[in-house]
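A.B. asks: Below are the structure tokens for one structure; questions will follow.
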Amino acid sequence: MIRWRARIGLRSRLVLAFLLVAAVSAGTTAALTYREARNAILEQVQNTAVSSFREQAATVGTTLPMDGAALQEVLRDIARKGKPRTWVVFAEYGSMRVSSGTSPVSTVITPELRRAALASPRGVFQRVDKDGTPWLTMAVPTVFKTGLSARPTGLVLYAVMPLATEEDDIRAMLTAARDGALPALLVALVPALLAARSVLRPVRDLRTAAQRIGRGELDTRIPVKGSDELADLAYTFNDTALQLERSVTELRRAEVRARRFASDVSHELRTPLAGMLAVTDVLDEDAERLAPDTAAAVRLISAETGKLAVLVEDLIEISRFDAKAAELNADEVDVAETIRRTLATRRWTDPAQVACELPPGIRARLDPRRFDVVVANLVGNALRHGGAPVRIRLRDEPPDGGRARFAVEVADSGPGIAPDVLPHIFDRFYKADAARTRSAGSGLGLAIVRENVRLHGGTVRAANGPHGGAVLTVRMPLATPRPDGEAAP
């Protein structure tokens, strides 16, 4: 199952991180400012009201017996003089309850405030939230002053003032801070983009340089600016690219020398080998008249000379591919008939050895000589290392990239290919068994197959069949591509 993961670029992450820091900073600053401003506003209102109420309560004269109507007028006078705004004033004396308003008692005066008022002659205050509305409640007991001492009269005055106006001011301040946060973030986006750009420019340069290195442009270097960590990274990249360029240049020179050596040696061996093959052919004809030991030696020399000739021809062929000098002389052919001619030329016509499934009608533009080499090497390798019967199957393939294809499948009846050998099956001179130093082939057959198939624009794949045996499958387009990449007509 393919798992899809959203890709977030480094620029986006840097900008988001910058905005997150800005948002957290703005939020923290706003929260601290809101708390301090709220406390300052409420404390100012509270201090003004408490101080004023204490002054008003100190002017109240107490006469006994207590007259409720007279006390109510006093309370109304105190209420009118309230600061910073009018209050509702209540008085409690024993069981007497009087107020400057319509109700003699208040629902926002708590029992805790009453108890605290009896214990504090200077008065107390309390902020109360009632049904969502904040209130400031104050309590001051009246006293008799005798000299330097004061005694409570039993009369306690209470003042109740709503704080809704202050809360509205605080909420307006909070709303203003919230509404100003979005423009602040938008303003912060500009330096965020600039910072991300300055950070990402060296990263983009590094990515571009790495891509150019990957394309083989080993002389690529990054301009170094500044002296920070990114500059150190640029220095390191440039030094690595320089060392890589030197190493690859030396490897390429060594490879060219090795290819030239193999090509030169192969061509130099060709002429003496031709003479040796002519001599061994004559010796083979006269071997029956020679002594048994001499005849065996002659046949051995003839066989080994033949193998050497095959190896030289294969080396010459692979050197052409290495030098990009291999030519493709394509012609329209019947694929099945071409395969039959290859088998007939090598005398692989016994169905017990090679079984064919070659439907007619599949025509393609191929180089007959190179396709003959492909089929011959695949079948010969299957007979030599796999075992008979070898099955050859030709079939049409679904189009690949809009190009019609055909496939040739060669399967043997051997034990198959070991899993650790499969990735190297087309390597040159690869030996599955390190102890096996000699084989009937040159060790280049499957490598030549792969190069010839690539030259046709096709692919070759090795695998093991479901019931055992190796299966090599060649897929080629019906129209051979031109060297410039277009298909031949």
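Note on naming: chains are A, B, ... as they come in the structure tokens, residues start from 1 per chain, ligands start from 1 in the order shown.
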Per DSSP on the backbone, filter stretch 74-175 of chain A down to the residues in helix (DSSP H, G or I) and report them as a compact mmCIF listing (two decimals) with C-alpha atoms, in the first residue's frame.
C.D. replies:
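File produced: result_29.txt:
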# COMPACT_ATOMS: atom_id res chain seq x y z
CA VAL A 74 -27.87 60.09 55.47
CA LEU A 75 -27.37 57.03 53.28
CA ARG A 76 -28.81 58.82 50.25
CA ASP A 77 -26.50 61.75 50.81
CA ILE A 78 -23.52 59.38 50.97
CA ALA A 79 -24.69 57.62 47.81
CA ARG A 80 -24.89 60.92 45.90
CA PRO A 111 -21.54 36.73 54.83
CA GLU A 112 -17.74 36.78 54.55
CA LEU A 113 -17.79 40.55 54.07
CA ARG A 114 -20.09 40.99 57.10
CA ARG A 115 -17.79 38.93 59.32
CA ALA A 116 -14.69 40.75 58.08
CA ALA A 117 -16.37 44.16 58.70
CA LEU A 118 -16.99 43.35 62.38
CA ALA A 119 -13.30 42.45 62.82
CA ALA A 164 -19.73 46.82 34.50
CA THR A 165 -18.30 50.02 33.00
CA GLU A 166 -14.75 49.03 33.90
CA GLU A 167 -15.31 45.50 32.60
CA ASP A 168 -16.61 46.95 29.33
CA ASP A 169 -13.47 49.05 29.07
CA ILE A 170 -11.30 46.01 29.74
CA ARG A 171 -13.18 43.93 27.16
CA ALA A 172 -12.81 46.74 24.62
CA MET A 173 -9.08 46.78 25.30
CA LEU A 174 -8.94 42.99 24.84
CA THR A 175 -10.92 43.23 21.59
A.B. asks: Which polymer residues have any atom within 10 Å of an atom of A:Asp205, counting only C-alpha atoms, with same-chain residues fewer than 5 positions away left out, as a PyMOL selection string?
C.D. replies: chain A and resi 200+210-211+221-223+234
A.B. asks: Give me the residues within 8 Å of stretch 408-412 of chain A as a list of chain:residue names, counting only C-alpha atoms and dropping any in the same chain fewer than 6 places off.
C.D. replies: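 Final neighbour list, sorted by chain and number: A:Leu378, A:Val379, A:Ala382, A:Leu383, A:Gly386, A:Gly387, A:Ala388, A:Pro389, A:Val390, A:Arg391, A:Ile392, A:Arg393, A:Leu394, A:Arg395, A:Gly465, A:Gly469, A:Ala470, A:Val471, A:Leu472, A:Thr473, A:Val474, A:Arg475.
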A.B. asks: Could you name the residues that touch A:Thr107 at 12 Å or less, counting only C-alpha atoms, but leaving out those on the same chain fewer than 4 positions away, as an NGL selection string?
C.D. replies: :A and (90 or 103 or 111 or 128-131 or 135 or 137 or 158 or 160)
A.B. asks: Which neighbours of A:Met276 fall inside 8 Å, counting only C-alpha atoms, when residues of the same chain fewer than 4 positions from it are skipped, and could you give them as a PDB file with N, CA and C atoms, in the first residue's frame?
C.D. replies:
ATOM      1  N   PRO A 272      46.867 -13.401 -35.910  1.00  0.00           N
ATOM      2  CA  PRO A 272      47.491 -14.715 -35.645  1.00  0.00           C
ATOM      3  C   PRO A 272      46.463 -15.798 -35.365  1.00  0.00           C
ATOM      4  N   THR A 280      44.696 -25.442 -37.270  1.00  0.00           N
ATOM      5  CA  THR A 280      43.977 -26.441 -36.469  1.00  0.00           C
ATOM      6  C   THR A 280      42.919 -27.154 -37.296  1.00  0.00           C
ATOM      7  N   THR A 305      41.730 -23.155 -29.273  1.00  0.00           N
ATOM      8  CA  THR A 305      41.900 -22.061 -30.232  1.00  0.00           C
ATOM      9  C   THR A 305      40.548 -21.503 -30.647  1.00  0.00           C
TER      10      THR A 305
END
